[in-house]
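The data block below is start-v9.tsv; it holds TSV, C-alpha atoms and all ligand atoms.
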chain	number	residue	atom	x	y	z
E	16	MET	CA	0.00	0.00	0.00
E	17	THR	CA	1.28	3.42	-0.77
E	18	GLN	CA	1.70	5.31	2.47
E	19	HIS	CA	2.72	8.91	2.55
E	20	LYS	CA	4.10	10.44	5.68
E	21	MET	CA	1.91	13.09	7.26
E	22	PRO	CA	3.34	16.40	8.42
E	23	LEU	CA	5.37	16.11	11.62
E	24	LEU	CA	2.95	18.31	13.59
E	25	ASP	CA	-0.02	16.06	12.72
E	26	GLN	CA	2.02	13.01	13.67
E	27	ILE	CA	2.88	14.54	17.04
E	28	VAL	CA	-0.77	15.47	17.69
E	29	ASN	CA	-1.89	11.94	16.84
E	30	LEU	CA	0.83	10.47	19.02
E	31	PHE	CA	-0.42	12.53	21.97
E	32	ALA	CA	-4.01	11.49	21.22
E	33	VAL	CA	-2.94	7.86	21.54
E	34	VAL	CA	-0.24	8.00	24.22
E	35	ILE	CA	-1.85	10.36	26.78
E	36	PRO	CA	-5.07	8.30	27.16
E	37	PHE	CA	-2.88	5.19	27.51
E	38	LEU	CA	-0.81	6.72	30.32
E	39	ALA	CA	-3.97	8.11	31.95
E	40	THR	CA	-5.53	4.64	31.87
E	41	ILE	CA	-2.52	3.17	33.68
E	42	ALA	CA	-2.91	5.89	36.33
E	43	ALA	CA	-6.64	5.16	36.54
E	44	ILE	CA	-6.01	1.44	37.06
E	45	VAL	CA	-3.71	2.30	39.98
E	46	LEU	CA	-6.41	4.56	41.46
E	47	PHE	CA	-9.04	1.88	40.90
E	48	TRP	CA	-6.83	-0.71	42.56
E	49	ASN	CA	-6.53	1.54	45.59
E	50	GLN	CA	-10.30	2.12	45.52
E	51	ILE	CA	-9.86	5.84	44.80
E	52	VAL	CA	-12.78	5.89	42.40
E	53	THR	CA	-16.35	7.01	42.95
E	54	PRO	CA	-19.65	5.89	41.41
E	55	LEU	CA	-19.72	9.34	39.75
E	56	ASP	CA	-16.40	8.62	37.98
E	57	LEU	CA	-17.74	5.34	36.64
E	58	ALA	CA	-21.03	6.94	35.58
E	59	LEU	CA	-19.12	9.66	33.71
E	60	PHE	CA	-16.96	7.01	32.04
E	61	LEU	CA	-20.00	4.99	30.96
E	62	GLY	CA	-22.09	7.99	29.91
E	63	MET	CA	-19.32	9.56	27.82
E	64	TYR	CA	-18.38	6.13	26.43
E	65	MET	CA	-21.93	5.57	25.19
E	66	LEU	CA	-22.35	9.11	23.84
E	67	THR	CA	-19.11	9.10	21.83
E	68	THR	CA	-19.27	5.47	20.68
E	69	PHE	CA	-22.83	5.94	19.42
E	70	GLY	CA	-21.58	9.14	17.77
E	71	ILE	CA	-19.17	6.95	15.79
E	72	THR	CA	-21.36	3.89	15.19
E	73	ILE	CA	-24.76	5.50	14.57
E	74	GLY	CA	-23.50	8.90	13.39
E	75	PHE	CA	-20.18	8.65	11.52
E	76	HIS	CA	-20.73	5.10	10.33
E	77	ARG	CA	-24.32	4.01	9.74
E	78	LEU	CA	-25.83	7.44	9.04
E	79	LEU	CA	-23.10	9.55	7.42
E	80	THR	CA	-20.94	6.92	5.68
E	81	HIS	CA	-23.60	4.47	4.54
E	82	ARG	CA	-26.89	6.41	4.79
E	83	SER	CA	-28.59	3.44	6.46
E	84	PHE	CA	-31.39	5.76	7.57
E	85	GLN	CA	-32.45	9.37	7.31
E	86	THR	CA	-32.98	11.86	10.07
E	87	PHE	CA	-33.28	15.59	10.72
E	88	LYS	CA	-30.25	17.85	10.08
E	89	PRO	CA	-29.85	18.93	13.73
E	90	ILE	CA	-29.68	15.25	14.74
E	91	GLU	CA	-27.08	14.61	12.00
E	92	TYR	CA	-24.99	17.48	13.35
E	93	PHE	CA	-25.43	16.37	16.95
E	94	LEU	CA	-24.24	12.84	16.09
E	95	ALA	CA	-21.31	14.26	14.10
E	96	ILE	CA	-20.22	16.33	17.12
E	97	ALA	CA	-20.65	13.37	19.51
E	98	GLY	CA	-18.52	11.21	17.15
E	99	SER	CA	-15.85	13.93	16.90
E	100	MET	CA	-15.46	13.73	20.70
E	101	ALA	CA	-14.22	10.14	20.22
E	102	VAL	CA	-10.96	11.67	18.87
E	103	GLU	CA	-10.79	9.57	15.72
E	104	GLY	CA	-10.23	12.51	13.37
E	105	PRO	CA	-12.58	15.02	11.73
E	106	VAL	CA	-15.90	13.63	10.53
E	107	ASN	CA	-15.32	14.23	6.81
E	108	THR	CA	-11.92	12.52	6.89
E	109	TRP	CA	-13.33	9.58	8.84
E	110	VAL	CA	-16.17	9.11	6.36
E	111	ALA	CA	-13.85	9.42	3.31
E	112	ASP	CA	-11.45	6.84	4.77
E	113	HIS	CA	-14.25	4.46	5.63
E	114	ARG	CA	-15.91	4.66	2.22
E	115	LYS	CA	-12.49	3.99	0.69
E	116	HIS	CA	-12.15	0.97	3.00
E	117	HIS	CA	-15.39	-0.45	1.57
E	118	ALA	CA	-14.42	0.35	-2.02
E	119	HIS	CA	-11.02	-1.41	-1.74
E	120	THR	CA	-11.44	-3.80	1.20
E	121	ASP	CA	-8.29	-5.81	1.90
E	122	GLU	CA	-6.63	-4.79	-1.33
E	123	GLU	CA	-4.43	-1.96	-2.58
E	124	GLY	CA	-6.08	1.34	-1.61
E	125	ASP	CA	-7.64	0.13	1.68
E	126	PRO	CA	-6.46	2.67	4.30
E	127	HIS	CA	-6.35	0.07	7.08
E	128	SER	CA	-6.17	-3.52	5.88
E	129	PRO	CA	-4.07	-5.89	8.01
E	130	HIS	CA	-3.50	-7.99	4.88
E	131	VAL	CA	-2.00	-5.73	2.23
E	132	GLY	CA	1.64	-4.79	1.81
E	133	HIS	CA	3.09	-5.93	5.14
E	134	GLY	CA	5.18	-8.89	3.99
E	135	GLY	CA	4.88	-12.54	4.90
E	136	GLY	CA	5.53	-14.64	7.99
E	137	ILE	CA	4.74	-13.86	11.57
E	138	LYS	CA	6.49	-10.49	11.26
E	139	GLY	CA	4.21	-9.52	8.36
E	140	VAL	CA	1.13	-10.63	10.32
E	141	LEU	CA	2.09	-8.55	13.35
E	142	LYS	CA	3.03	-5.55	11.20
E	143	GLY	CA	-0.32	-5.82	9.39
E	144	LEU	CA	-2.30	-5.98	12.62
E	145	PHE	CA	-0.42	-3.02	14.09
E	146	HIS	CA	-1.02	-1.00	10.94
E	147	ALA	CA	-4.76	-1.85	10.83
E	148	HIS	CA	-5.22	-1.10	14.52
E	149	ILE	CA	-3.35	2.13	14.97
E	150	GLY	CA	-0.38	2.55	12.62
E	151	TRP	CA	-2.57	3.78	9.79
E	152	THR	CA	-3.56	6.86	11.80
E	153	PHE	CA	0.04	8.08	11.43
E	154	THR	CA	0.04	7.90	7.65
E	155	ASP	CA	-1.34	10.49	5.32
E	156	HIS	CA	-4.75	9.05	4.66
E	157	GLY	CA	-8.03	10.42	3.55
E	158	LYS	CA	-7.24	14.10	3.71
E	159	ALA	CA	-6.88	14.82	0.02
E	160	GLU	CA	-9.79	12.55	-0.78
E	161	GLN	CA	-12.65	14.19	1.09
E	162	GLU	CA	-13.92	15.80	-2.07
E	163	LYS	CA	-13.89	12.46	-3.86
E	164	TYR	CA	-15.18	10.08	-1.19
E	165	ALA	CA	-17.20	12.40	1.04
E	166	LYS	CA	-18.45	14.94	-1.46
E	167	ASP	CA	-21.95	15.04	0.09
E	168	LEU	CA	-20.51	16.02	3.47
E	169	TYR	CA	-17.89	18.32	2.01
E	170	GLU	CA	-20.64	20.30	0.28
E	171	ASP	CA	-22.74	20.55	3.46
E	172	ARG	CA	-21.59	23.79	5.08
E	173	GLY	CA	-22.68	22.73	8.56
E	174	MET	CA	-20.82	19.43	8.32
E	175	ARG	CA	-17.74	21.15	6.97
E	176	PHE	CA	-17.80	23.51	9.94
E	177	ILE	CA	-18.03	20.55	12.35
E	178	SER	CA	-15.21	18.82	10.49
E	179	ASP	CA	-12.96	21.90	10.40
E	180	PHE	CA	-13.48	22.59	14.11
E	181	PHE	CA	-12.62	19.04	15.16
E	182	VAL	CA	-10.29	20.16	17.96
E	183	LEU	CA	-13.09	22.19	19.55
E	184	TRP	CA	-15.25	19.05	19.96
E	185	VAL	CA	-12.32	17.09	21.34
E	186	VAL	CA	-11.78	19.74	24.02
E	187	LEU	CA	-15.53	19.88	24.73
E	188	GLY	CA	-15.57	16.08	25.17
E	189	LEU	CA	-12.92	16.44	27.86
E	190	LEU	CA	-14.45	19.48	29.56
E	191	ILE	CA	-18.01	18.10	29.85
E	192	PRO	CA	-17.12	15.27	32.28
E	193	ALA	CA	-14.76	17.61	34.16
E	194	GLY	CA	-17.56	20.19	34.45
E	195	ILE	CA	-20.09	17.63	35.67
E	196	GLY	CA	-17.50	16.31	38.15
E	197	TYR	CA	-17.06	19.84	39.49
E	198	LEU	CA	-20.79	20.63	39.64
E	199	VAL	CA	-21.65	17.43	41.51
E	200	THR	CA	-18.77	17.42	44.01
E	201	GLY	CA	-18.00	21.14	44.19
E	202	THR	CA	-14.29	20.34	44.30
E	203	LEU	CA	-11.40	20.60	41.87
E	204	ALA	CA	-10.51	17.01	42.74
E	205	GLY	CA	-13.96	16.01	41.48
E	206	ALA	CA	-13.33	17.93	38.25
E	207	ALA	CA	-9.94	16.26	37.78
E	208	SER	CA	-11.42	12.84	38.44
E	209	GLY	CA	-14.24	13.46	35.92
E	210	PHE	CA	-11.65	14.63	33.38
E	211	LEU	CA	-9.64	11.45	33.93
E	212	TRP	CA	-12.49	8.89	33.76
E	213	GLY	CA	-15.04	10.55	31.48
E	214	GLY	CA	-12.28	12.11	29.34
E	215	LEU	CA	-8.94	10.36	28.94
E	216	VAL	CA	-9.75	6.82	30.10
E	217	ARG	CA	-12.93	6.87	28.02
E	218	VAL	CA	-10.94	7.97	24.92
E	219	PHE	CA	-8.54	5.06	25.47
E	220	PHE	CA	-11.34	2.47	25.57
E	221	VAL	CA	-13.34	3.98	22.69
E	222	HIS	CA	-10.16	4.07	20.57
E	223	HIS	CA	-9.11	0.49	21.11
E	224	VAL	CA	-12.59	-0.97	20.78
E	225	THR	CA	-13.32	0.86	17.53
E	226	PHE	CA	-9.78	0.30	16.16
E	227	SER	CA	-10.32	-3.42	16.83
E	228	ILE	CA	-13.03	-3.37	14.18
E	229	ASN	CA	-10.30	-2.57	11.65
E	230	SER	CA	-7.78	-5.08	12.97
E	231	VAL	CA	-9.49	-7.99	14.77
E	232	CYS	CA	-12.64	-7.92	12.59
E	233	HIS	CA	-10.53	-8.42	9.46
E	234	PHE	CA	-8.45	-11.17	11.00
E	235	LEU	CA	-10.15	-13.49	13.53
E	236	GLY	CA	-13.76	-14.60	13.82
E	237	THR	CA	-16.55	-16.21	11.87
E	238	ARG	CA	-17.96	-15.73	8.37
E	239	ARG	CA	-21.03	-16.94	6.56
E	240	PHE	CA	-21.65	-14.70	3.54
E	241	GLU	CA	-19.97	-14.66	0.16
E	242	VAL	CA	-17.94	-11.48	0.33
E	243	ASP	CA	-14.75	-10.57	-1.42
E	244	ASP	CA	-12.62	-9.72	1.64
E	245	TYR	CA	-11.43	-11.05	5.01
E	246	SER	CA	-14.05	-9.38	7.23
E	247	THR	CA	-15.26	-11.33	10.28
E	248	ASN	CA	-17.92	-11.37	13.01
E	249	VAL	CA	-16.43	-11.26	16.52
E	250	PHE	CA	-19.06	-11.97	19.18
E	251	TRP	CA	-17.04	-10.90	22.24
E	252	LEU	CA	-16.60	-7.41	20.80
E	253	ALA	CA	-20.31	-7.00	20.00
E	254	LEU	CA	-21.45	-5.21	23.16
E	255	PRO	CA	-18.43	-2.94	23.75
E	256	SER	CA	-18.47	-1.95	20.06
E	257	MET	CA	-22.22	-1.29	20.20
E	258	GLY	CA	-22.85	-3.89	17.51
E	259	GLU	CA	-20.08	-2.94	15.06
E	260	ALA	CA	-18.24	-6.24	15.58
E	261	TRP	CA	-20.77	-8.00	13.31
E	262	HIS	CA	-18.43	-6.57	10.73
E	263	HIS	CA	-18.64	-9.45	8.27
E	264	ASN	CA	-22.42	-9.00	8.11
E	265	HIS	CA	-21.72	-5.33	7.52
E	266	HIS	CA	-19.38	-5.98	4.59
E	267	ALA	CA	-22.00	-8.32	3.12
E	268	PHE	CA	-24.75	-5.68	3.43
E	269	PRO	CA	-23.01	-2.28	3.86
E	270	ARG	CA	-26.19	-0.21	3.87
E	271	SER	CA	-28.06	-2.30	6.46
E	272	ALA	CA	-28.89	-0.29	9.60
E	273	ASN	CA	-28.65	-3.58	11.52
E	274	HIS	CA	-25.21	-5.17	11.70
E	275	GLY	CA	-26.48	-7.94	13.97
E	276	LEU	CA	-28.74	-9.93	11.64
E	277	LYS	CA	-29.79	-12.74	13.98
E	278	LYS	CA	-31.69	-12.40	17.24
E	279	TRP	CA	-28.67	-13.33	19.31
E	280	GLU	CA	-26.31	-10.98	17.41
E	281	LEU	CA	-26.58	-8.15	19.94
E	282	ASP	CA	-26.46	-4.75	18.27
E	283	PRO	CA	-27.17	-1.79	20.60
E	284	SER	CA	-26.71	0.76	17.77
E	285	ALA	CA	-29.53	-0.93	15.83
E	286	TRP	CA	-31.72	-0.86	18.96
E	287	VAL	CA	-31.23	2.93	19.18
E	288	ILE	CA	-32.02	3.38	15.45
E	289	THR	CA	-35.22	1.32	15.90
E	290	ALA	CA	-36.18	3.47	18.90
E	291	MET	CA	-35.54	6.59	16.80
E	292	GLU	CA	-37.71	5.14	14.04
E	293	LYS	CA	-40.55	4.43	16.46
E	294	THR	CA	-40.44	7.98	17.79
E	295	GLY	CA	-40.33	9.51	14.31
E	296	LEU	CA	-36.67	10.59	14.49
E	297	ALA	CA	-35.44	8.10	11.86
E	298	ARG	CA	-37.02	7.21	8.53
E	299	ASN	CA	-36.22	5.08	5.47
E	300	VAL	CA	-34.29	2.65	7.67
E	301	VAL	CA	-32.51	0.11	5.43
E	302	ARG	CA	-33.07	-3.52	6.49
E	303	ILE	CA	-32.17	-6.74	4.67
E	304	SER	CA	-34.88	-9.35	4.18
E	305	PRO	CA	-34.20	-12.95	5.32
E	306	GLU	CA	-34.48	-14.01	1.65
E	307	ARG	CA	-31.69	-11.67	0.55
E	308	GLN	CA	-29.54	-12.84	3.43
E	309	GLU	CA	-30.19	-16.44	2.40
E	310	GLN	CA	-29.14	-15.72	-1.20
E	311	LYS	CA	-25.80	-14.37	-0.10
E	312	LEU	CA	-24.81	-17.26	2.19
E	313	MET	CA	-21.62	-19.11	1.26
E	314	LYS	CA	-22.34	-22.11	-0.88
E	315	SER	CA	-20.58	-24.35	1.64
E	316	HIS	CA	-22.43	-22.81	4.55
E	317	GLY	CA	-25.10	-25.12	5.83
E	318	SER	CA	-25.90	-26.06	9.36
E	319	GLU	CA	-22.19	-26.33	10.15
E	320	PRO	CA	-20.48	-23.83	12.37
E	321	SER	CA	-19.40	-20.65	10.62
E	322	THR	CA	-16.19	-20.66	8.71
E	323	GLN	CA	-13.18	-19.29	10.52
E	324	ALA	CA	-11.18	-16.69	8.75
E	325	GLY	CA	-7.78	-15.22	8.77
E	326	PRO	CA	-4.20	-16.28	8.54
E	327	GLY	CA	-3.46	-19.18	10.81
E	328	SER	CA	-7.03	-20.33	10.94
E	329	GLY	CA	-6.70	-22.69	8.06
E	330	VAL	CA	-9.68	-21.39	6.17
E	331	PRO	CA	-9.12	-19.33	3.75
E	332	ALA	CA	-5.53	-20.13	3.12
E	333	SER	CA	-5.70	-18.25	-0.07
E	334	PRO	CA	-7.78	-15.14	0.34
E	335	THR	CA	-11.35	-15.92	0.99
E	336	ARG	CA	-12.04	-14.42	-2.30
E	337	ASN	CA	-14.61	-17.11	-2.61
E	338	VAL	CA	-16.56	-14.76	-4.64
E	339	VAL	CA	-17.43	-12.54	-7.11
E	340	SER	CA	-18.93	-9.29	-6.41
E	341	ARG	CA	-17.57	-6.50	-4.33
E	342	GLN	CA	-20.20	-4.24	-2.80
E	343	THR	CA	-23.32	-4.93	-4.77
E	344	GLU	CA	-25.37	-2.82	-2.39
E	345	PRO	CA	-26.72	0.43	-3.60
E	346	GLY	CA	-25.18	3.09	-1.47
E	347	PRO	CA	-23.68	6.51	-1.22
E	348	PRO	CA	-21.02	7.34	-3.75
E	349	VAL	CA	-17.94	5.34	-2.95
E	350	THR	CA	-15.89	6.24	-5.92
G	401	ZN	ZN	-14.03	-3.57	7.30
G	402	ZN	ZN	-18.87	0.50	6.91

Take the structure from the file and write it as structure tokens.
Ligand SMILES: [Zn+2]
Ligand SMILES: [Zn+2]
Amino acid sequence: MTQHKMPLLDQIVNLFAVVIPFLATIAAIVLFWNQIVTPLDLALFLGMYMLTTFGITIGFHRLLTHRSFQTFKPIEYFLAIAGSMAVEGPVNTWVADHRKHHAHTDEEGDPHSPHVGHGGGIKGVLKGLFHAHIGWTFTDHGKAEQEKYAKDLYEDRGMRFISDFFVLWVVLGLLIPAGIGYLVTGTLAGAASGFLWGGLVRVFFVHHVTFSINSVCHFLGTRRFEVDDYSTNVFWLALPSMGEAWHHNHHAFPRSANHGLKKWELDPSAWVITAMEKTGLARNVVRISPERQEQKLMKSHGSEPSTQAGPGSGVPASPTRNVVSRQTEPGPPVT
């Protein structure tokens, strides 16, 4: 894969965005171990975790990247701001990168495939996983391609404002839990504790859970549909990722608002979209009929357990390019 170096300043900023939450999380574990943590800290962690993860999964991903449903503009902007607080880059860049990921999944041009251009052997596997998880955020990706891959957002003045003022939302996402901590306890220690748990520690967990969709969910897990890539479903990541870990289902049906397609495939983001639909906040929600799902099942897939994927798993030793068509779904412009 062609990787261009980003400017040094951007690299330093990204490094801080990754390293500071990591160091803060170590500090938080020490505090937790010594029972210096309050129910308020944990509530701020959970509340901010849900707000910002849903901002990514429902906002950046299902709504803005794939247009799985429609909603009112103020709700689009609210979700875009909530997603920006997850510190995964400006909304327009995120959407451009992710559409490019779907257009070139696990081949040249994919911004974060663990499988392309990392060499062979165990070293290549580890290099690929590192790149897919976090290394790709230090390369020059997406930026020049907003106008190509995210033209709809680029031309929306409100969305461009939200995207351009990314840093503002990051700071707001750190100040909100600190402010609530101060208001509830009336002390600066309460503010600092809210900043730590609802801010930095939350960023650390949101980062590594959502980055795992790029690395783990293209490497280990189960598969059942005929898709032209290595995407997988990973059940143990389903709840923390708010349903995004049914990533193989998602690559099979990119526009589906539901990533969990079976009853037991827990998908909290889909539950929220259904609730929005019932209250009139979401419309034209894209869902895939059981018949269409049936048609796309792997030929070999019967009542046997799902196929395992990924290097080392045995199945598909040669790419699971057991098929034919890449993204046959109608969808937003991906080229
Ligand atoms: Zn993917
Ligand atoms: Zn997607």

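Of the residues listed (E:Thr225, E:Asn29, E:Thr289, E:Asn299), E:Thr225 shows the shortest atom-to-atom separation from E:Leu254; distances use only C-alpha atoms.
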
Step by step, measure atom-to-atom distances between ligand ZN 401 (chain G) and each residue using only C-alpha atoms and all ligand atoms, keep those at most 12 Å, then write them as an MDAnalysis selection string.
-> chainID E and resid 76 112:122 125:130 147:148 225:234 242:248 259:269 342

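Here the question is which of E:Leu79, E:Leu235, E:Val33, E:Leu61 gets nearest to ligand ZN 402 (chain G) using only C-alpha atoms and all ligand atoms, and that residue is E:Leu79.
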
Correct to one decimal, the distance atom CA of E:Pro89-atom CA of E:Lys166 is 19.4 Å

Please provide the set of residues having any atom within 12 Å of E:Ala204, restricted to only C-alpha atoms, with same-chain residues fewer than 5 positions apart removed, written as an NGL selection string.
-> :E and (51-53 or 56 or 193-199 or 209-211)

Pick from E:Val106, E:Ala272, E:Leu215, E:Met65, whichever lies nearest to ligand ZN 402 (chain G) using all atoms listed in the file |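 Answer, going by the shortest atom-to-atom distance: E:Ala272.
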
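If you look at atom CA of E:Met174 and atom CA of E:Glu103, they are 15.9 Å away from each other.
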
Figure out the distance between atom CA of E:Pro255 and atom CA of E:Met100, please, to one decimal in Å.
->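 Here the two named atoms are 17.2 Å from each other.
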
Restricting the calculation to only C-alpha atoms and all ligand atoms, which member of E:Tyr92, E:Phe69, E:Trp251, E:Phe75 is positioned closest to ligand ZN 402 (chain G)?
->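 Using only C-alpha atoms and all ligand atoms, the shortest distance to ligand ZN 402 (chain G) belongs to E:Phe75.
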
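For the choices E:Gly188, E:Pro283, E:Gly275, E:Gly139, the atom-to-atom distance to E:Phe60 is smallest for E:Gly188 when using only C-alpha atoms.
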
Pick from E:Arg270, E:Arg298, E:Lys277, E:Lys163: nearest to ligand ZN 402 (chain G), with all atoms listed in the file counted?
->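 Closest to ligand ZN 402 (chain G) of all the choices is E:Arg270.
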
Taking all listed atoms of stretch 278-297 of chain E, build the axis-aligned box, pad each of the six sides by 6 Å, then write its centre and edge lengths in Å to one decimal as lines of an AutoDock Vina configuration file.
center_x = -33.4
center_y = -1.4
center_z = 16.2
size_x = 26.2
size_y = 35.9
size_z = 20.7

Please identify all polymer residues within 10 Å of E:Ala285, counting all atoms listed in the file, omitting same-chain residues fewer than 2 positions from it, and present them as a count of residues only.
-> 20

Please output stretch 186-206 of chain E, rebuilt to include N, CA and C atoms, as a CSV table (one decimal), keeping the file's coordinate frame.
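So the final result, stored in out18.csv, reads:
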chain,number,residue,atom,x,y,z
E,186,VAL,N,-11.9,19.0,22.7
E,186,VAL,CA,-11.8,19.7,24.0
E,186,VAL,C,-13.1,19.7,24.8
E,187,LEU,N,-14.2,19.9,24.1
E,187,LEU,CA,-15.5,19.9,24.7
E,187,LEU,C,-15.8,18.5,25.4
E,188,GLY,N,-15.4,17.4,24.7
E,188,GLY,CA,-15.6,16.1,25.2
E,188,GLY,C,-14.8,15.8,26.4
E,189,LEU,N,-13.7,16.6,26.6
E,189,LEU,CA,-12.9,16.4,27.9
E,189,LEU,C,-13.5,17.3,29.0
E,190,LEU,N,-14.0,18.5,28.6
E,190,LEU,CA,-14.4,19.5,29.6
E,190,LEU,C,-15.8,19.1,30.1
E,191,ILE,N,-16.7,18.4,29.3
E,191,ILE,CA,-18.0,18.1,29.8
E,191,ILE,C,-17.9,17.2,31.1
E,192,PRO,N,-17.2,16.1,31.1
E,192,PRO,CA,-17.1,15.3,32.3
E,192,PRO,C,-16.4,16.0,33.4
E,193,ALA,N,-15.4,16.9,33.1
E,193,ALA,CA,-14.8,17.6,34.2
E,193,ALA,C,-15.8,18.6,34.8
E,194,GLY,N,-16.6,19.2,34.0
E,194,GLY,CA,-17.6,20.2,34.4
E,194,GLY,C,-18.6,19.5,35.3
E,195,ILE,N,-19.1,18.4,34.9
E,195,ILE,CA,-20.1,17.6,35.7
E,195,ILE,C,-19.5,17.2,37.0
E,196,GLY,N,-18.2,16.7,36.9
E,196,GLY,CA,-17.5,16.3,38.2
E,196,GLY,C,-17.4,17.5,39.1
E,197,TYR,N,-17.2,18.7,38.6
E,197,TYR,CA,-17.1,19.8,39.5
E,197,TYR,C,-18.4,20.2,40.1
E,198,LEU,N,-19.4,20.2,39.2
E,198,LEU,CA,-20.8,20.6,39.6
E,198,LEU,C,-21.3,19.7,40.7
E,199,VAL,N,-21.1,18.4,40.5
E,199,VAL,CA,-21.6,17.4,41.5
E,199,VAL,C,-20.9,17.4,42.8
E,200,THR,N,-19.5,17.5,42.8
E,200,THR,CA,-18.8,17.4,44.0
E,200,THR,C,-18.4,18.8,44.6
E,201,GLY,N,-18.4,19.8,43.7
E,201,GLY,CA,-18.0,21.1,44.2
E,201,GLY,C,-16.5,21.3,44.5
E,202,THR,N,-15.7,20.3,44.0
E,202,THR,CA,-14.3,20.3,44.3
E,202,THR,C,-13.5,20.2,43.0
E,203,LEU,N,-12.3,20.7,43.0
E,203,LEU,CA,-11.4,20.6,41.9
E,203,LEU,C,-11.0,19.1,41.7
E,204,ALA,N,-10.9,18.4,42.8
E,204,ALA,CA,-10.5,17.0,42.7
E,204,ALA,C,-11.6,16.3,42.0
E,205,GLY,N,-12.9,16.6,42.2
E,205,GLY,CA,-14.0,16.0,41.5
E,205,GLY,C,-13.9,16.3,40.0
E,206,ALA,N,-13.5,17.6,39.7
E,206,ALA,CA,-13.3,17.9,38.2
E,206,ALA,C,-12.2,17.1,37.6
